[in-house]
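K.L.:
Sharing data_11.cif (mmCIF, C-alpha atoms; chains and numbers go by the auth columns) below.
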data_model
#
loop_
_atom_site.group_PDB
_atom_site.id
_atom_site.type_symbol
_atom_site.label_atom_id
_atom_site.label_comp_id
_atom_site.label_asym_id
_atom_site.label_seq_id
_atom_site.Cartn_x
_atom_site.Cartn_y
_atom_site.Cartn_z
_atom_site.B_iso_or_equiv
_atom_site.auth_seq_id
_atom_site.auth_asym_id
ATOM 1 C CA MET A 1 6.519 -9.678 -13.014 0.00 66 A
ATOM 2 C CA LEU A 2 8.766 -7.007 -11.527 0.00 67 A
ATOM 3 C CA ALA A 3 11.668 -9.455 -11.407 0.00 68 A
ATOM 4 C CA ARG A 4 11.218 -10.281 -15.104 0.00 69 A
ATOM 5 C CA ALA A 5 11.146 -6.605 -15.998 0.00 70 A
ATOM 6 C CA ARG A 6 14.354 -6.012 -14.040 0.00 71 A
ATOM 7 C CA HIS A 7 15.986 -9.016 -15.694 0.00 72 A
ATOM 8 C CA ARG A 8 15.025 -7.743 -19.174 0.00 73 A
ATOM 9 C CA ALA A 9 16.330 -4.268 -18.308 0.00 74 A
ATOM 10 C CA SER A 10 19.588 -5.786 -17.040 0.00 75 A
ATOM 11 C CA LEU A 11 20.033 -7.827 -20.210 0.00 76 A
ATOM 12 C CA ASP A 12 19.278 -4.758 -22.303 0.00 77 A
ATOM 13 C CA LYS A 13 21.879 -2.684 -20.453 0.00 78 A
ATOM 14 C CA ARG A 14 24.489 -5.433 -20.808 0.00 79 A
ATOM 15 C CA GLN A 15 23.787 -5.696 -24.529 0.00 80 A
ATOM 16 C CA ARG A 16 24.073 -1.911 -24.926 0.00 81 A
ATOM 17 C CA ALA A 17 27.414 -1.974 -23.087 0.00 82 A
ATOM 18 C CA LEU A 18 28.786 -4.705 -25.365 0.00 83 A
ATOM 19 C CA THR A 19 27.492 -2.889 -28.458 0.00 84 A
ATOM 20 C CA ALA A 20 29.097 0.361 -27.252 0.00 85 A
ATOM 21 C CA LEU A 21 32.393 -1.488 -26.688 0.00 86 A
ATOM 22 C CA THR A 22 32.331 -2.847 -30.237 0.00 87 A
ATOM 23 C CA THR A 23 31.490 0.599 -31.622 0.00 88 A
ATOM 24 C CA LEU A 24 34.303 2.306 -29.699 0.00 89 A
ATOM 25 C CA GLU A 25 36.770 -0.350 -30.781 0.00 90 A
ATOM 26 C CA HIS A 26 35.802 -0.052 -34.459 0.00 91 A
ATOM 27 C CA GLN A 27 36.051 3.740 -34.267 0.00 92 A
ATOM 28 C CA GLY A 28 39.515 3.451 -32.769 0.00 93 A
ATOM 29 C CA GLU A 29 38.446 5.293 -29.616 0.00 94 A
ATOM 30 C CA LYS A 30 40.247 4.686 -26.360 0.00 95 A
ATOM 31 C CA ILE A 31 38.516 1.872 -24.478 0.00 96 A
ATOM 32 C CA THR A 32 37.805 2.664 -20.822 0.00 97 A
ATOM 33 C CA HIS A 33 35.067 1.588 -18.496 0.00 98 A
ATOM 34 C CA ALA A 34 33.826 5.178 -18.297 0.00 99 A
ATOM 35 C CA ALA A 35 33.828 5.558 -22.107 0.00 100 A
ATOM 36 C CA VAL A 36 31.845 2.344 -22.553 0.00 101 A
ATOM 37 C CA ALA A 37 29.384 3.368 -19.825 0.00 102 A
ATOM 38 C CA ARG A 38 28.957 6.851 -21.279 0.00 103 A
ATOM 39 C CA THR A 39 28.452 5.549 -24.837 0.00 104 A
ATOM 40 C CA ALA A 40 25.993 2.840 -23.731 0.00 105 A
ATOM 41 C CA GLY A 41 24.146 5.119 -21.340 0.00 106 A
ATOM 42 C CA VAL A 42 24.690 2.741 -18.423 0.00 107 A
ATOM 43 C CA SER A 43 26.412 2.998 -15.078 0.00 108 A
ATOM 44 C CA THR A 44 30.162 2.595 -14.830 0.00 109 A
ATOM 45 C CA TRP A 45 29.515 0.012 -12.155 0.00 110 A
ATOM 46 C CA LEU A 46 27.893 -2.242 -14.763 0.00 111 A
ATOM 47 C CA THR A 47 31.052 -2.196 -16.884 0.00 112 A
ATOM 48 C CA TYR A 48 32.973 -3.771 -13.991 0.00 113 A
ATOM 49 C CA THR A 49 30.572 -6.705 -13.620 0.00 114 A
ATOM 50 C CA GLN A 50 31.431 -10.184 -14.762 0.00 115 A
ATOM 51 C CA GLY A 51 30.610 -10.705 -18.414 0.00 116 A
ATOM 52 C CA ILE A 52 31.344 -7.094 -19.357 0.00 117 A
ATOM 53 C CA ARG A 53 34.654 -6.435 -17.603 0.00 118 A
ATOM 54 C CA GLU A 54 36.407 -9.294 -19.460 0.00 119 A
ATOM 55 C CA HIS A 55 35.339 -7.920 -22.850 0.00 120 A
ATOM 56 C CA ILE A 56 36.560 -4.421 -21.960 0.00 121 A
ATOM 57 C CA GLU A 57 39.894 -5.727 -20.686 0.00 122 A
ATOM 58 C CA ALA A 58 40.353 -7.828 -23.843 0.00 123 A
ATOM 59 C CA ALA A 59 39.593 -4.788 -26.023 0.00 124 A
ATOM 60 C CA GLN A 60 42.066 -2.733 -23.993 0.00 125 A
ATOM 61 C CA GLN A 61 44.721 -5.423 -24.510 0.00 126 A
ATOM 62 C CA ARG A 62 44.030 -5.403 -28.243 0.00 127 A
ATOM 63 C CA GLN A 63 44.468 -1.612 -28.269 0.00 128 A
ATOM 64 C CA HIS A 64 47.648 -1.613 -26.153 0.00 129 A
ATOM 65 C CA PRO A 65 49.329 -5.013 -26.327 0.00 130 A
ATOM 66 C CA THR A 66 52.490 -3.748 -24.588 0.00 131 A
ATOM 67 C CA THR A 67 52.987 -3.107 -20.895 0.00 132 A
ATOM 68 C CA PRO A 68 51.714 0.252 -19.787 0.00 133 A
ATOM 69 C CA SER A 69 54.088 3.166 -19.422 0.00 134 A
ATOM 70 C CA PRO A 70 54.212 5.281 -16.241 0.00 135 A
ATOM 71 C CA ALA A 71 52.271 8.028 -18.053 0.00 136 A
ATOM 72 C CA HIS A 72 49.587 5.480 -18.929 0.00 137 A
ATOM 73 C CA THR A 73 49.490 4.332 -15.312 0.00 138 A
ATOM 74 C CA ARG A 74 48.920 7.933 -14.202 0.00 139 A
ATOM 75 C CA SER A 75 46.090 8.329 -16.699 0.00 140 A
ATOM 76 C CA THR A 76 44.670 4.990 -15.557 0.00 141 A
ATOM 77 C CA THR A 77 44.783 6.253 -11.969 0.00 142 A
ATOM 78 C CA ALA A 78 42.993 9.428 -13.032 0.00 143 A
ATOM 79 C CA THR A 79 40.452 7.332 -14.907 0.00 144 A
ATOM 80 C CA LEU A 80 39.949 5.145 -11.866 0.00 145 A
ATOM 81 C CA ARG A 81 39.435 8.218 -9.685 0.00 146 A
ATOM 82 C CA THR A 82 36.905 9.557 -12.145 0.00 147 A
ATOM 83 C CA GLU A 83 35.161 6.209 -12.273 0.00 148 A
ATOM 84 C CA LEU A 84 35.225 6.035 -8.472 0.00 149 A
ATOM 85 C CA GLU A 85 33.570 9.444 -8.247 0.00 150 A
ATOM 86 C CA LEU A 86 30.974 8.373 -10.814 0.00 151 A
ATOM 87 C CA ALA A 87 30.337 5.220 -8.789 0.00 152 A
ATOM 88 C CA ARG A 88 29.934 7.299 -5.631 0.00 153 A
ATOM 89 C CA GLN A 89 27.440 9.571 -7.372 0.00 154 A
ATOM 90 C CA GLU A 90 25.506 6.569 -8.609 0.00 155 A
ATOM 91 C CA ILE A 91 25.488 5.087 -5.095 0.00 156 A
ATOM 92 C CA ARG A 92 24.095 8.356 -3.737 0.00 157 A
ATOM 93 C CA THR A 93 21.415 8.350 -6.430 0.00 158 A
ATOM 94 C CA LEU A 94 20.532 4.734 -5.715 0.00 159 A
ATOM 95 C CA ARG A 95 20.303 5.424 -1.973 0.00 160 A
ATOM 96 C CA GLU A 96 17.979 8.370 -2.635 0.00 161 A
ATOM 97 C CA ASP A 97 15.853 6.190 -4.918 0.00 162 A
ATOM 98 C CA ARG A 98 15.759 3.474 -2.268 0.00 163 A
ATOM 99 C CA GLY A 99 14.672 6.041 0.329 0.00 164 A
ATOM 100 C CA ARG A 100 11.884 7.331 -1.920 0.00 165 A
ATOM 101 C CA MET A 101 10.732 3.805 -2.673 0.00 166 A
ATOM 102 C CA ARG A 102 10.827 2.841 1.007 0.00 167 A
ATOM 103 C CA HIS A 103 8.760 5.928 1.861 0.00 168 A
ATOM 104 C CA ALA A 104 6.258 5.128 -0.910 0.00 169 A
ATOM 105 C CA ILE A 105 5.925 1.533 0.296 0.00 170 A
ATOM 106 C CA GLN A 106 5.450 2.653 3.899 0.00 171 A
ATOM 107 C CA HIS A 107 2.793 5.107 2.763 0.00 172 A
ATOM 108 C CA GLN A 108 1.022 2.420 0.743 0.00 173 A
ATOM 109 C CA LEU A 109 1.152 -0.051 3.634 0.00 174 A
ATOM 110 C CA GLY A 110 -0.218 2.610 5.965 0.00 175 A
ATOM 111 C CA GLN A 111 -3.130 3.204 3.601 0.00 176 A
ATOM 112 C CA GLN A 112 -3.790 -0.533 3.452 0.00 177 A
ATOM 113 C CA LEU A 113 -3.816 -0.698 7.253 0.00 178 A
ATOM 114 C CA ASP A 114 -6.159 2.282 7.381 0.00 179 A
ATOM 115 C CA THR A 115 -8.415 0.544 4.877 0.00 180 A
ATOM 116 C CA LEU A 116 -8.427 -2.614 6.981 0.00 181 A
ATOM 117 C CA ASP A 117 -9.325 -0.656 10.116 0.00 182 A
ATOM 118 C CA THR A 118 -11.970 1.325 8.237 0.00 183 A
ATOM 119 C CA ARG A 119 -13.514 -1.852 6.840 0.00 184 A
ATOM 120 C CA HIS A 120 -13.647 -3.378 10.322 0.00 185 A
ATOM 121 C CA LEU A 121 -15.189 -0.226 11.739 0.00 186 A
ATOM 122 C CA THR A 122 -17.683 -0.049 8.893 0.00 187 A
ATOM 123 C CA GLU A 123 -18.753 -3.643 9.551 0.00 188 A
ATOM 124 C CA ARG A 124 -19.134 -2.876 13.266 0.00 189 A
ATOM 125 C CA VAL A 125 -21.179 0.273 12.540 0.00 190 A
ATOM 126 C CA ASP A 126 -23.453 -1.741 10.206 0.00 191 A
ATOM 127 C CA GLU A 127 -23.888 -4.398 12.887 0.00 192 A
ATOM 128 C CA LEU A 128 -24.731 -1.788 15.532 0.00 193 A
ATOM 129 C CA THR A 129 -27.133 -0.037 13.149 0.00 194 A
ATOM 130 C CA GLN A 130 -29.008 -3.301 12.562 0.00 195 A
ATOM 131 C CA THR A 131 -29.129 -4.015 16.301 0.00 196 A
ATOM 132 C CA ASN A 132 -30.380 -0.474 16.941 0.00 197 A
ATOM 133 C CA GLN A 133 -33.105 -0.902 14.312 0.00 198 A
ATOM 134 C CA ARG A 134 -34.254 -4.188 15.912 0.00 199 A
ATOM 135 C CA LEU A 135 -34.358 -2.495 19.332 0.00 200 A
ATOM 136 C CA GLU A 136 -36.319 0.465 17.927 0.00 201 A
ATOM 137 C CA ASP A 137 -38.799 -1.965 16.323 0.00 202 A
ATOM 138 C CA SER A 138 -39.147 -3.823 19.660 0.00 203 A
ATOM 139 C CA LEU A 139 -39.636 -0.543 21.495 0.00 204 A
ATOM 140 C CA GLN A 140 -42.301 0.558 19.024 0.00 205 A
ATOM 141 C CA GLN A 141 -44.102 -2.777 19.412 0.00 206 A
ATOM 142 C CA ALA A 142 -43.914 -2.521 23.223 0.00 207 A
ATOM 143 C CA THR A 143 -45.204 1.070 23.073 0.00 208 A
ATOM 144 C CA ASP A 144 -48.107 0.014 20.840 0.00 209 A
ATOM 145 C CA ASP A 145 -48.900 -2.912 23.177 0.00 210 A
ATOM 146 C CA ASN A 146 -48.703 -0.537 26.167 0.00 211 A
ATOM 147 C CA HIS A 147 -51.171 1.894 24.536 0.00 212 A
ATOM 148 C CA GLN A 148 -53.572 -0.969 23.776 0.00 213 A
ATOM 149 C CA LEU A 149 -53.304 -2.255 27.347 0.00 214 A
ATOM 150 C CA HIS A 150 -53.940 1.235 28.763 0.00 215 A
ATOM 151 C CA ALA A 151 -56.986 1.559 26.509 0.00 216 A
ATOM 152 C CA ARG A 152 -58.183 -1.865 27.660 0.00 217 A
ATOM 153 C CA VAL A 153 -57.624 -0.884 31.330 0.00 218 A
ATOM 154 C CA ARG A 154 -59.599 2.364 30.808 0.00 219 A
ATOM 155 C CA SER A 155 -62.354 0.396 29.124 0.00 220 A
ATOM 156 C CA LEU A 156 -62.405 -2.170 31.943 0.00 221 A
ATOM 157 C CA GLU A 157 -62.361 0.599 34.569 0.00 222 A
ATOM 158 C CA ALA A 158 -65.301 2.248 32.808 0.00 223 A
ATOM 159 C CA ASP A 159 -67.121 -1.108 32.717 0.00 224 A
ATOM 160 C CA LEU A 160 -66.329 -1.654 36.414 0.00 225 A
ATOM 161 C CA ALA A 161 -67.573 1.819 37.320 0.00 226 A
ATOM 162 C CA ALA A 162 -70.763 1.168 35.323 0.00 227 A
ATOM 163 C CA ALA A 163 -71.174 -2.220 36.991 0.00 228 A
ATOM 164 C CA ARG A 164 -70.730 -0.635 40.444 0.00 229 A
ATOM 165 C CA THR A 165 -73.224 2.096 39.621 0.00 230 A
ATOM 166 C CA SER A 166 -75.664 -0.488 38.346 0.00 231 A
ATOM 167 C CA LEU A 167 -75.099 -2.651 41.409 0.00 232 A
ATOM 168 C CA ARG A 168 -75.734 0.319 43.756 0.00 233 A
ATOM 169 C CA ARG A 169 -78.907 1.169 41.904 0.00 234 A
ATOM 170 C CA MET A 170 -80.077 -2.424 42.157 0.00 235 A
ATOM 171 C CA ILE A 171 -79.279 -2.523 45.875 0.00 236 A
ATOM 172 C CA ARG A 172 -81.152 0.752 46.429 0.00 237 A
ATOM 173 C CA GLU A 173 -84.136 -0.465 44.494 0.00 238 A
ATOM 174 C CA GLU A 174 -84.089 -3.713 46.405 0.00 239 A
ATOM 175 C CA ASN A 175 -83.880 -1.840 49.695 0.00 240 A
ATOM 176 C CA THR A 176 -86.676 0.567 48.763 0.00 241 A
ATOM 177 C CA SER A 177 -89.003 -2.132 47.566 0.00 242 A
ATOM 178 C CA HIS A 178 -88.896 -3.992 50.905 0.00 243 A
#
Just give me the structure of the file as structure tokens.
P.N.:
Amino acid sequence: MLARARHRASLDKRQRALTALTTLEHQGEKITHAAVARTAGVSTWLTYTQGIREHIEAAQQRQHPTTPSPAHTRSTTATLRTELELARQEIRTLREDRGRMRHAIQHQLGQQLDTLDTRHLTERVDELTQTNQRLEDSLQQATDDNHQLHARVRSLEADLAAARTSLRRMIREENTSH
């Protein structure tokens, strides 16, 4: 999707450059790469790419069919220097954009990694919580069983004490009756 959007934007910029070239030529303006780029609102670099450069050079030849004079060569050199400086500025801008995009991507990847770690930790906490609940339930059951057993032991001890008392009384009665 991003590639298609870039391709459409590239085609649009190329079309604007060719339209600007035609406009400048019809207006009788001097055809330069910088003039075409400025009129089209595109980078000068684009005007030097294949498919655009040939059209600009052909328009320049139609404007000046003779060999260039030394004065024209000097102005061409000045134009090239200007275009070089514009290209350098655009390169700086593109490098800054690349740096911002790289930073944004790193930030996004870091958040995704944090999310992955958080999800794993959340799953582990849920697992431990369930295990803890099962252990608490087992402990409660064991505590209840322990209380019941203690009550049973107390009851049995009371029964034993009563049985002993009863047995002593019976033995005493048996001994006194003889």
K.L.:
As a list in words, please: the residues near Leu151 of chain A (cut-off 9 Å, all atoms listed in the file, same-chain neighbours under 4 positions excluded).
P.N.:
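Here the answer would be Ala99, Ser108, Thr109, Trp110, Arg146, Thr147, Glu155 and Ile156 of chain A.
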K.L.:
Atom CA of Gln126 of chain A and atom CA of Ala82 of chain A are how many Å apart?
P.N.:
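Distance reported for this atom pair: 17.7 Å.
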K.L.:
Which one is closest to Ile96 of chain A: A:Leu111, A:Glu122, A:Gln177, A:Asp77? Count only C-alpha atoms.
P.N.:
A:Glu122
K.L.:
Please write as a count of residues only the list of polymer residues whose atoms come within 10 Å of (31.7, -4.3, -27.1), counting only C-alpha atoms and keeping to the coordinates of the file.
P.N.:
21
K.L.:
Between atom CA of Thr241 of chain A and atom CA of Glu222 of chain A, what is the distance, to one decimal in Å?
P.N.:
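Between these atoms lies a distance of 28.2 Å.
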K.L.:
Tell me, in Å to one decimal, how far atom CA of Gln173 of chain A is from atom CA of Thr187 of chain A.
P.N.:
20.6 Å
